[in-house]
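Listing of data-v8.cif, mmCIF, C-alpha atoms
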data_data
#
loop_
_atom_site.group_PDB
_atom_site.id
_atom_site.type_symbol
_atom_site.label_atom_id
_atom_site.label_comp_id
_atom_site.auth_asym_id
_atom_site.auth_seq_id
_atom_site.Cartn_x
_atom_site.Cartn_y
_atom_site.Cartn_z
ATOM 1 C CA MET E 1492 3.486 -15.935 -14.214
ATOM 2 C CA PHE E 1493 0.785 -13.269 -14.175
ATOM 3 C CA GLY E 1494 -1.873 -15.919 -13.642
ATOM 4 C CA LEU E 1495 -0.078 -17.177 -10.523
ATOM 5 C CA SER E 1496 0.512 -13.699 -9.125
ATOM 6 C CA GLY E 1497 -3.125 -12.811 -9.823
ATOM 7 C CA ALA E 1498 -4.312 -15.950 -8.035
ATOM 8 C CA LEU E 1499 -2.083 -15.112 -5.066
ATOM 9 C CA CYS E 1500 -3.531 -11.592 -4.965
ATOM 10 C CA ALA E 1501 -7.044 -13.070 -4.963
ATOM 11 C CA SER E 1502 -6.049 -15.352 -2.074
ATOM 12 C CA ALA E 1503 -4.656 -12.322 -0.240
ATOM 13 C CA ASP E 1504 -7.883 -10.338 -0.659
ATOM 14 C CA ALA E 1505 -9.880 -13.298 0.680
ATOM 15 C CA ALA E 1506 -7.302 -13.984 3.439
ATOM 16 C CA ALA E 1507 -7.257 -17.553 2.106
ATOM 17 C CA TYR E 1508 -3.893 -18.621 3.534
ATOM 18 C CA TYR E 1509 -3.980 -22.322 2.658
ATOM 19 C CA LYS E 1510 -5.181 -21.736 -0.894
ATOM 20 C CA GLY E 1511 -2.393 -19.205 -1.314
ATOM 21 C CA ARG E 1512 0.163 -21.749 -0.138
ATOM 22 C CA MET E 1513 -1.157 -24.280 -2.629
ATOM 23 C CA ILE E 1514 -0.846 -21.756 -5.457
ATOM 24 C CA TYR E 1515 2.720 -20.955 -4.402
ATOM 25 C CA ALA E 1516 3.501 -24.685 -4.456
ATOM 26 C CA ASP E 1517 2.476 -24.668 -8.116
ATOM 27 C CA ALA E 1518 4.865 -21.757 -8.689
ATOM 28 C CA VAL E 1519 7.715 -23.768 -7.133
ATOM 29 C CA VAL E 1520 6.944 -26.774 -9.337
ATOM 30 C CA ILE E 1521 7.239 -24.731 -12.542
ATOM 31 C CA GLY E 1522 10.242 -22.742 -11.327
ATOM 32 C CA LEU E 1523 8.634 -19.324 -10.761
ATOM 33 C CA GLU E 1524 9.144 -19.042 -6.999
ATOM 34 C CA THR E 1525 11.857 -16.373 -7.460
ATOM 35 C CA ASN E 1526 9.846 -14.330 -9.960
ATOM 36 C CA VAL E 1527 9.454 -10.694 -8.862
ATOM 37 C CA PHE E 1528 5.685 -10.596 -9.296
ATOM 38 C CA VAL E 1529 5.018 -13.999 -7.754
ATOM 39 C CA GLY E 1530 7.300 -13.317 -4.783
ATOM 40 C CA SER E 1531 5.769 -9.899 -4.118
ATOM 41 C CA ALA E 1532 2.238 -11.298 -4.379
ATOM 42 C CA LEU E 1533 3.246 -13.990 -1.880
ATOM 43 C CA VAL E 1534 4.544 -11.349 0.563
ATOM 44 C CA ASP E 1535 1.241 -9.498 0.161
ATOM 45 C CA MET E 1536 -0.741 -12.697 0.747
ATOM 46 C CA TYR E 1537 1.188 -13.563 3.917
ATOM 47 C CA GLY E 1538 0.781 -10.030 5.205
ATOM 48 C CA LYS E 1539 -2.974 -9.925 4.675
ATOM 49 C CA CYS E 1540 -3.312 -13.344 6.296
ATOM 50 C CA GLY E 1541 -1.380 -12.099 9.341
ATOM 51 C CA VAL E 1542 1.552 -14.498 8.864
ATOM 52 C CA ILE E 1543 4.157 -11.752 9.101
ATOM 53 C CA ASN E 1544 7.158 -14.024 9.744
ATOM 54 C CA ASP E 1545 6.562 -15.902 6.492
ATOM 55 C CA ALA E 1546 6.194 -12.544 4.731
ATOM 56 C CA LEU E 1547 9.601 -11.481 6.047
ATOM 57 C CA VAL E 1548 11.301 -14.737 5.025
ATOM 58 C CA THR E 1549 9.878 -14.435 1.516
ATOM 59 C CA PHE E 1550 10.894 -10.769 1.270
ATOM 60 C CA PHE E 1551 14.507 -11.326 2.372
ATOM 61 C CA ALA E 1552 14.849 -14.213 -0.089
ATOM 62 C CA ALA E 1553 14.654 -11.781 -3.017
ATOM 63 C CA PRO E 1554 14.097 -8.107 -2.097
ATOM 64 C CA ASN E 1555 13.075 -5.829 -4.970
ATOM 65 C CA PRO E 1556 11.197 -2.515 -5.343
ATOM 66 C CA VAL E 1557 7.825 -4.266 -5.573
ATOM 67 C CA SER E 1558 8.409 -6.531 -2.567
ATOM 68 C CA TRP E 1559 9.620 -3.550 -0.494
ATOM 69 C CA ASN E 1560 6.177 -2.007 -0.917
ATOM 70 C CA ALA E 1561 4.523 -5.329 -0.152
ATOM 71 C CA ILE E 1562 6.391 -5.888 3.140
ATOM 72 C CA ILE E 1563 5.832 -2.297 4.312
ATOM 73 C CA MET E 1564 2.116 -2.677 3.562
ATOM 74 C CA ALA E 1565 2.122 -6.030 5.378
ATOM 75 C CA TYR E 1566 3.249 -4.329 8.585
ATOM 76 C CA THR E 1567 0.801 -1.507 7.982
ATOM 77 C CA GLU E 1568 -2.059 -4.006 7.787
ATOM 78 C CA GLN E 1569 -0.889 -5.498 11.088
ATOM 79 C CA ASP E 1570 -1.018 -1.999 12.668
ATOM 80 C CA ASN E 1571 2.740 -2.013 13.288
ATOM 81 C CA ALA E 1572 3.625 1.545 12.292
ATOM 82 C CA ASP E 1573 7.057 1.444 13.947
ATOM 83 C CA ALA E 1574 8.152 -1.525 11.820
ATOM 84 C CA ALA E 1575 6.709 0.080 8.677
ATOM 85 C CA LEU E 1576 8.692 3.275 9.337
ATOM 86 C CA LYS E 1577 11.900 1.321 10.008
ATOM 87 C CA LEU E 1578 11.507 -0.538 6.724
ATOM 88 C CA PHE E 1579 10.816 2.771 4.978
ATOM 89 C CA ALA E 1580 14.096 4.150 6.363
ATOM 90 C CA ALA E 1581 15.942 0.953 5.391
ATOM 91 C CA LEU E 1582 14.626 1.204 1.841
ATOM 92 C CA GLN E 1583 16.022 4.727 1.487
ATOM 93 C CA SER E 1584 19.345 3.809 3.143
ATOM 94 C CA GLN E 1585 19.891 1.277 0.353
ATOM 95 C CA GLY E 1586 19.466 3.957 -2.270
ATOM 96 C CA ALA E 1587 16.036 2.846 -3.420
ATOM 97 C CA LEU E 1588 13.441 5.508 -4.238
ATOM 98 C CA PRO E 1589 9.966 5.246 -2.676
ATOM 99 C CA ASP E 1590 7.006 5.643 -5.016
ATOM 100 C CA ASP E 1591 3.313 6.462 -4.584
ATOM 101 C CA VAL E 1592 2.566 2.965 -3.292
ATOM 102 C CA THR E 1593 5.372 3.159 -0.718
ATOM 103 C CA PHE E 1594 4.093 6.454 0.636
ATOM 104 C CA LEU E 1595 0.524 5.180 0.678
ATOM 105 C CA ALA E 1596 1.625 2.300 2.922
ATOM 106 C CA VAL E 1597 3.716 4.494 5.237
ATOM 107 C CA LEU E 1598 1.146 7.287 5.489
ATOM 108 C CA THR E 1599 -1.600 4.767 6.185
ATOM 109 C CA ALA E 1600 0.526 3.227 8.949
ATOM 110 C CA CYS E 1601 1.080 6.644 10.541
ATOM 111 C CA SER E 1602 -2.591 7.489 10.096
ATOM 112 C CA ASN E 1603 -3.813 4.297 11.760
ATOM 113 C CA ALA E 1604 -1.397 4.805 14.674
ATOM 114 C CA LEU E 1605 -2.270 8.530 14.911
ATOM 115 C CA MET E 1606 1.445 9.383 14.623
ATOM 116 C CA VAL E 1607 0.809 13.004 13.644
ATOM 117 C CA ASP E 1608 4.419 14.252 13.485
ATOM 118 C CA ALA E 1609 5.621 11.268 11.453
ATOM 119 C CA PHE E 1610 2.611 11.656 9.170
ATOM 120 C CA ARG E 1611 3.346 15.333 8.529
ATOM 121 C CA ASN E 1612 7.036 14.628 7.890
ATOM 122 C CA CYS E 1613 6.221 11.909 5.337
ATOM 123 C CA LEU E 1614 3.591 14.037 3.644
ATOM 124 C CA THR E 1615 6.056 16.931 3.360
ATOM 125 C CA SER E 1616 8.950 14.808 2.082
ATOM 126 C CA MET E 1617 6.658 13.220 -0.458
ATOM 127 C CA SER E 1618 6.452 16.461 -2.417
ATOM 128 C CA THR E 1619 9.635 18.317 -1.416
ATOM 129 C CA GLU E 1620 12.151 15.440 -1.663
ATOM 130 C CA PHE E 1621 10.563 13.054 -4.139
ATOM 131 C CA GLY E 1622 8.315 15.270 -6.261
ATOM 132 C CA LEU E 1623 5.194 13.203 -5.639
ATOM 133 C CA SER E 1624 1.683 14.576 -5.194
ATOM 134 C CA PRO E 1625 0.408 14.424 -1.568
ATOM 135 C CA MET E 1626 -2.498 12.066 -0.966
ATOM 136 C CA ALA E 1627 -5.725 13.491 0.357
ATOM 137 C CA PRO E 1628 -7.538 10.317 1.556
ATOM 138 C CA VAL E 1629 -4.868 9.256 4.061
ATOM 139 C CA SER E 1630 -4.911 12.749 5.595
ATOM 140 C CA PHE E 1631 -8.513 12.301 6.705
ATOM 141 C CA GLN E 1632 -8.015 9.702 9.398
ATOM 142 C CA VAL E 1633 -5.383 11.716 11.272
ATOM 143 C CA GLY E 1634 -7.820 14.588 11.473
ATOM 144 C CA PHE E 1635 -6.370 17.029 8.925
ATOM 145 C CA LEU E 1636 -9.815 17.369 7.411
ATOM 146 C CA GLU E 1637 -9.566 20.920 6.078
ATOM 147 C CA GLU E 1638 -6.110 20.251 4.644
ATOM 148 C CA ALA E 1639 -7.257 16.975 3.120
ATOM 149 C CA GLU E 1640 -10.346 18.612 1.648
ATOM 150 C CA GLU E 1641 -8.145 21.237 0.011
ATOM 151 C CA LEU E 1642 -5.847 18.535 -1.382
ATOM 152 C CA ALA E 1643 -8.836 16.664 -2.807
ATOM 153 C CA LEU E 1644 -10.098 19.789 -4.552
ATOM 154 C CA ARG E 1645 -6.640 20.452 -6.014
ATOM 155 C CA MET E 1646 -6.375 16.993 -7.552
ATOM 156 C CA PRO E 1647 -5.741 17.061 -11.320
ATOM 157 C CA PHE E 1648 -8.826 14.839 -11.708
ATOM 158 C CA SER E 1649 -12.249 14.624 -10.120
ATOM 159 C CA PRO E 1650 -11.898 13.132 -6.592
ATOM 160 C CA GLY E 1651 -14.791 10.749 -7.130
ATOM 161 C CA ARG E 1652 -16.969 8.848 -4.686
ATOM 162 C CA ALA E 1653 -14.097 6.919 -3.047
ATOM 163 C CA VAL E 1654 -12.380 10.105 -1.832
ATOM 164 C CA TRP E 1655 -15.613 11.661 -0.589
ATOM 165 C CA ARG E 1656 -16.543 8.405 1.165
ATOM 166 C CA VAL E 1657 -13.296 8.449 3.117
ATOM 167 C CA LEU E 1658 -13.708 12.152 3.908
ATOM 168 C CA LEU E 1659 -17.240 11.694 5.244
ATOM 169 C CA SER E 1660 -16.156 8.698 7.340
ATOM 170 C CA ALA E 1661 -13.369 10.806 8.830
ATOM 171 C CA CYS E 1662 -15.855 13.608 9.584
ATOM 172 C CA ILE E 1663 -17.874 11.124 11.652
ATOM 173 C CA LEU E 1664 -14.737 9.791 13.358
ATOM 174 C CA HIS E 1665 -13.564 13.261 14.372
ATOM 175 C CA GLY E 1666 -16.993 14.808 14.973
ATOM 176 C CA ASN E 1667 -16.508 17.407 12.231
ATOM 177 C CA SER E 1668 -19.831 18.178 10.592
ATOM 178 C CA VAL E 1669 -18.685 21.424 8.957
ATOM 179 C CA VAL E 1670 -16.526 19.781 6.294
ATOM 180 C CA GLY E 1671 -19.101 17.037 5.753
ATOM 181 C CA GLU E 1672 -21.934 19.500 5.216
ATOM 182 C CA ARG E 1673 -19.782 21.600 2.919
ATOM 183 C CA ARG E 1674 -19.143 18.583 0.708
ATOM 184 C CA GLU E 1675 -22.738 17.290 0.652
ATOM 185 C CA LYS E 1676 -23.468 18.160 -2.976
ATOM 186 C CA ASP E 1677 -20.149 16.736 -4.165
ATOM 187 C CA SER E 1678 -20.778 13.531 -2.220
ATOM 188 C CA GLU E 1679 -24.308 12.723 -3.348
ATOM 189 C CA ASP E 1680 -24.262 9.884 -5.839
ATOM 190 C CA GLU E 1681 -27.330 8.003 -6.989
ATOM 191 C CA GLU E 1682 -25.274 4.806 -7.350
ATOM 192 C CA ASP E 1683 -23.523 4.866 -3.964
ATOM 193 C CA VAL E 1684 -25.895 4.491 -1.036
ATOM 194 C CA SER E 1685 -23.018 4.562 1.473
ATOM 195 C CA LEU E 1686 -22.517 8.287 0.836
ATOM 196 C CA TYR E 1687 -26.138 8.999 1.804
ATOM 197 C CA VAL E 1688 -25.761 6.847 4.930
ATOM 198 C CA LEU E 1689 -22.571 8.676 5.929
ATOM 199 C CA LEU E 1690 -24.171 12.078 5.411
ATOM 200 C CA SER E 1691 -27.182 10.970 7.449
ATOM 201 C CA ASN E 1692 -24.870 9.825 10.263
ATOM 202 C CA ILE E 1693 -23.037 13.163 10.220
ATOM 203 C CA TYR E 1694 -26.304 15.074 10.579
ATOM 204 C CA SER E 1695 -27.627 12.707 13.244
ATOM 205 C CA GLY E 1696 -24.400 13.084 15.233
ATOM 206 C CA LYS E 1697 -25.045 16.820 15.424
ATOM 207 C CA ALA E 1698 -28.768 16.346 16.175
ATOM 208 C CA LYS E 1699 -29.743 17.835 12.817
ATOM 209 C CA TRP E 1700 -32.671 15.508 12.450
ATOM 210 C CA ASP E 1701 -34.361 17.325 9.541
ATOM 211 C CA ALA E 1702 -31.235 17.049 7.405
ATOM 212 C CA ALA E 1703 -30.797 13.382 8.379
ATOM 213 C CA ALA E 1704 -34.421 12.680 7.463
ATOM 214 C CA ARG E 1705 -33.874 14.436 4.136
ATOM 215 C CA MET E 1706 -31.042 12.001 3.321
ATOM 216 C CA HIS E 1707 -33.314 9.043 4.060
ATOM 217 C CA ARG E 1708 -36.087 10.530 1.908
ATOM 218 C CA GLU E 1709 -33.689 10.944 -1.009
ATOM 219 C CA MET E 1710 -32.564 7.338 -0.596
ATOM 220 C CA HIS E 1711 -36.191 6.215 -0.668
ATOM 221 C CA GLU E 1712 -36.986 8.348 -3.733
ATOM 222 C CA LEU E 1713 -33.952 6.985 -5.594
ATOM 223 C CA ARG E 1714 -34.835 3.455 -4.451
ATOM 224 C CA VAL E 1715 -31.337 2.772 -3.220
ATOM 225 C CA GLN E 1716 -30.669 0.315 -0.418
ATOM 226 C CA LYS E 1717 -27.677 -0.202 1.815
ATOM 227 C CA GLU E 1718 -25.930 -3.460 1.004
ATOM 228 C CA ALA E 1719 -25.327 -5.680 4.010
ATOM 229 C CA GLY E 1720 -21.745 -5.794 5.228
ATOM 230 C CA ARG E 1721 -19.828 -9.058 5.086
ATOM 231 C CA SER E 1722 -16.871 -10.615 6.795
ATOM 232 C CA TRP E 1723 -15.245 -13.979 6.289
ATOM 233 C CA THR E 1724 -12.666 -16.366 7.647
ATOM 234 C CA GLU E 1725 -11.044 -19.540 6.355
ATOM 235 C CA ILE E 1726 -11.205 -22.686 8.494
ATOM 236 C CA ALA E 1727 -9.906 -26.058 7.290
ATOM 237 C CA LEU E 1728 -9.766 -24.896 3.653
ATOM 238 C CA HIS E 1729 -13.388 -23.714 3.784
ATOM 239 C CA LEU E 1730 -14.373 -20.055 3.536
ATOM 240 C CA HIS E 1731 -17.082 -19.029 6.032
ATOM 241 C CA VAL E 1732 -19.027 -15.847 5.225
ATOM 242 C CA PHE E 1733 -20.864 -13.833 7.893
ATOM 243 C CA VAL E 1734 -23.719 -11.483 7.022
ATOM 244 C CA PRO E 1735 -25.811 -9.442 9.520
ATOM 245 C CA GLY E 1736 -29.421 -10.542 9.825
ATOM 246 C CA ASP E 1737 -28.965 -13.941 8.178
ATOM 247 C CA GLN E 1738 -29.106 -17.118 10.268
ATOM 248 C CA GLU E 1739 -28.576 -19.741 7.575
ATOM 249 C CA HIS E 1740 -25.036 -20.746 8.500
ATOM 250 C CA PRO E 1741 -25.013 -24.505 9.227
ATOM 251 C CA VAL E 1742 -23.430 -24.017 12.666
ATOM 252 C CA THR E 1743 -25.377 -20.922 13.697
ATOM 253 C CA GLU E 1744 -26.386 -22.472 17.041
ATOM 254 C CA ASP E 1745 -22.776 -23.309 17.868
ATOM 255 C CA ILE E 1746 -21.671 -19.775 16.965
ATOM 256 C CA TYR E 1747 -24.305 -18.275 19.253
ATOM 257 C CA ARG E 1748 -23.328 -20.657 22.014
ATOM 258 C CA VAL E 1749 -19.688 -19.558 21.827
ATOM 259 C CA ILE E 1750 -20.686 -15.877 21.739
ATOM 260 C CA THR E 1751 -22.906 -16.381 24.779
ATOM 261 C CA ASP E 1752 -20.045 -18.059 26.657
ATOM 262 C CA LEU E 1753 -17.647 -15.255 25.709
ATOM 263 C CA ILE E 1754 -20.064 -12.552 26.834
ATOM 264 C CA GLU E 1755 -20.589 -14.397 30.096
ATOM 265 C CA GLU E 1756 -16.826 -14.452 30.670
ATOM 266 C CA ILE E 1757 -16.648 -10.743 29.863
ATOM 267 C CA ARG E 1758 -19.465 -10.004 32.294
ATOM 268 C CA LYS E 1759 -17.546 -11.687 35.089
ATOM 269 C CA SER E 1760 -14.608 -9.342 34.652
ATOM 270 C CA MET E 1761 -16.517 -6.147 34.000
ATOM 271 C CA SER E 1762 -17.236 -3.216 36.286
ATOM 272 C CA VAL E 1763 -20.758 -2.600 37.603
ATOM 273 C CA GLU E 1764 -21.291 0.256 35.123
ATOM 274 C CA MET E 1765 -20.372 -1.848 32.119
ATOM 275 C CA GLU E 1766 -22.447 -4.709 33.469
ATOM 276 C CA GLU E 1767 -25.521 -2.498 33.220
ATOM 277 C CA VAL E 1768 -24.688 -1.669 29.609
ATOM 278 C CA MET E 1769 -24.308 -5.313 28.677
ATOM 279 C CA THR E 1770 -27.726 -6.190 30.063
ATOM 280 C CA GLN E 1771 -29.141 -4.172 27.168
ATOM 281 C CA VAL E 1772 -27.525 -6.510 24.625
ATOM 282 C CA HIS E 1773 -30.006 -9.086 23.369
ATOM 283 C CA PHE E 1774 -30.068 -11.799 20.755
ATOM 284 C CA GLY E 1775 -32.617 -12.062 17.981
ATOM 285 C CA SER E 1776 -33.207 -11.245 14.351
ATOM 286 C CA SER E 1777 -32.106 -7.613 14.819
ATOM 287 C CA SER E 1778 -29.187 -8.319 17.139
ATOM 288 C CA ILE E 1779 -25.731 -6.953 16.379
ATOM 289 C CA TYR E 1780 -24.518 -10.526 16.822
ATOM 290 C CA ASP E 1781 -26.402 -12.012 13.870
ATOM 291 C CA PHE E 1782 -24.140 -14.226 11.787
ATOM 292 C CA HIS E 1783 -24.330 -16.224 8.554
#

Please express what this file holds, its structure, as structure tokens.
Amino acid sequence: MFGLSGALCASADAAAYYKGRMIYADAVVIGLETNVFVGSALVDMYGKCGVINDALVTFFAAPNPVSWNAIIMAYTEQDNADAALKLFAALQSQGALPDDVTFLAVLTACSNALMVDAFRNCLTSMSTEFGLSPMAPVSFQVGFLEEAEELALRMPFSPGRAVWRVLLSACILHGNSVVGERREKDSEDEEDVSLYVLLSNIYSGKAKWDAAARMHREMHELRVQKEAGRSWTEIALHLHVFVPGDQEHPVTEDIYRVITDLIEEIRKSMSVEMEEVMTQVHFGSSSIYDFH
């Protein structure tokens, strides 16, 4: 049971839809398709793979507290805040109590959609109606940086690098260097290069070049390097991984050809001003379009 649900969760994280379906077929064979954990993991897998209709069918087959959270998060991941809020209301209308995970999904949906009023209402009800501690990280993206910073500092445990990483990213998003600078010492971590990069970007965004250079010097002195970002997609049961600056993918030429065709189509429909911007885009080893 737990092995199957764990495998489905792994498929969800990798957006491996077909592998997830195969694992679920195994669950059906051994009679675990109606198990709470397996069913909820399947809803999560469908949601992360973007197959929302299948997620709904699976959810309605056997709704339970865990699958409620999974289906709300599925809509959140598809940037459908309205549907997530409707499901949140439906959950409460049936007498079920939302938990931390439920509120994380709903607050994230409101945050992504910049639904400020709905976000504030949920954050307030979280503590006043349900006695749960408000969440600092999801407050960042909406722009409540000072409030979120205060929440982080009031946590009953050390916020840690994950919270500071989200805060610094939000500072860049909203152009707020004050909070970012204030949290510099808390954010510095010899094991997490991303925090140094974020701080450097905050300083660069405000033309504070000396401070930005200082971040790069500290990175060099600590011998930390930024790990290349990755993305992936599953095609015909094969997982394709894309890494900037690496041209070893077996169909690299075909990928570039398609990108070139797409950009050409975009150019045809663009205004003169945007056309001038696109002429600056080039291909090569340092191009933003490098794939693996």

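Taking all atoms listed in the file into account, Leu1547 of chain E lies nearest to E:Leu1578 out of the set E:Leu1578, E:Val1519, E:Met1606, E:Val1734.
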
For Gly1666 of chain E, find every residue with an atom within 10 Å (counting only C-alpha atoms), except residues of its own chain fewer than 6 positions away, and show them as JSON, numbers by chain. {"E": [1634, 1660, 1693, 1696, 1697]}

Please evaluate the PyMOL selection byres ((chain E and resi 1561-1564) around 7) against the displayed coordinates and give the resulting residues as a ChimeraX atom specification. /E:1531,1534-1535,1546,1550,1557-1560,1565-1568,1575,1578,1596

Sphere at (-6.9, -23.1, 6.4), radius 7 Å, counting only C-alpha atoms: residues as a list in words: Tyr1508, Tyr1509, Glu1725, Ile1726, Ala1727 and Leu1728 of chain E

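For the pair atom CA of Ile1514 of chain E and atom CA of Leu1499 of chain E, the interatomic distance is 6.8 Å.
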
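For the pair atom CA of Arg1721 of chain E and atom CA of Phe1733 of chain E, the interatomic distance is 5.6 Å.
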
If we count all atoms listed in the file, what is near Leu1523 of chain E at a cut-off of 12 Å, once residues fewer than 5 positions away on the same chain are taken out, given as a PyMOL selection string? chain E and resi 1492-1496+1514-1518+1528-1531+1533

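Atom to atom, atom CA of Ala1609 of chain E and atom CA of Thr1593 of chain E stand 14.6 Å apart.
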
Of the candidates E:Val1654, E:Leu1730, E:Val1684, E:Ala1661, which one gets nearest to Glu1709 of chain E if we count all atoms listed in the file? E:Val1684

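In this comparison, which uses all atoms listed in the file, the residue of E:Ile1663, E:Ala1604, E:Ala1505, E:Ala1698 approaching His1731 of chain E most closely is E:Ala1505.
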
Counting only C-alpha atoms, which of E:Ser1624, E:Cys1613, E:Asp1570, E:Val1670 gets nearest to Glu1640 of chain E? E:Val1670

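Of the residues listed (E:Ala1498, E:Leu1588, E:Asp1737, E:Phe1610), E:Phe1610 shows the shortest atom-to-atom separation from Leu1576 of chain E; distances use only C-alpha atoms.
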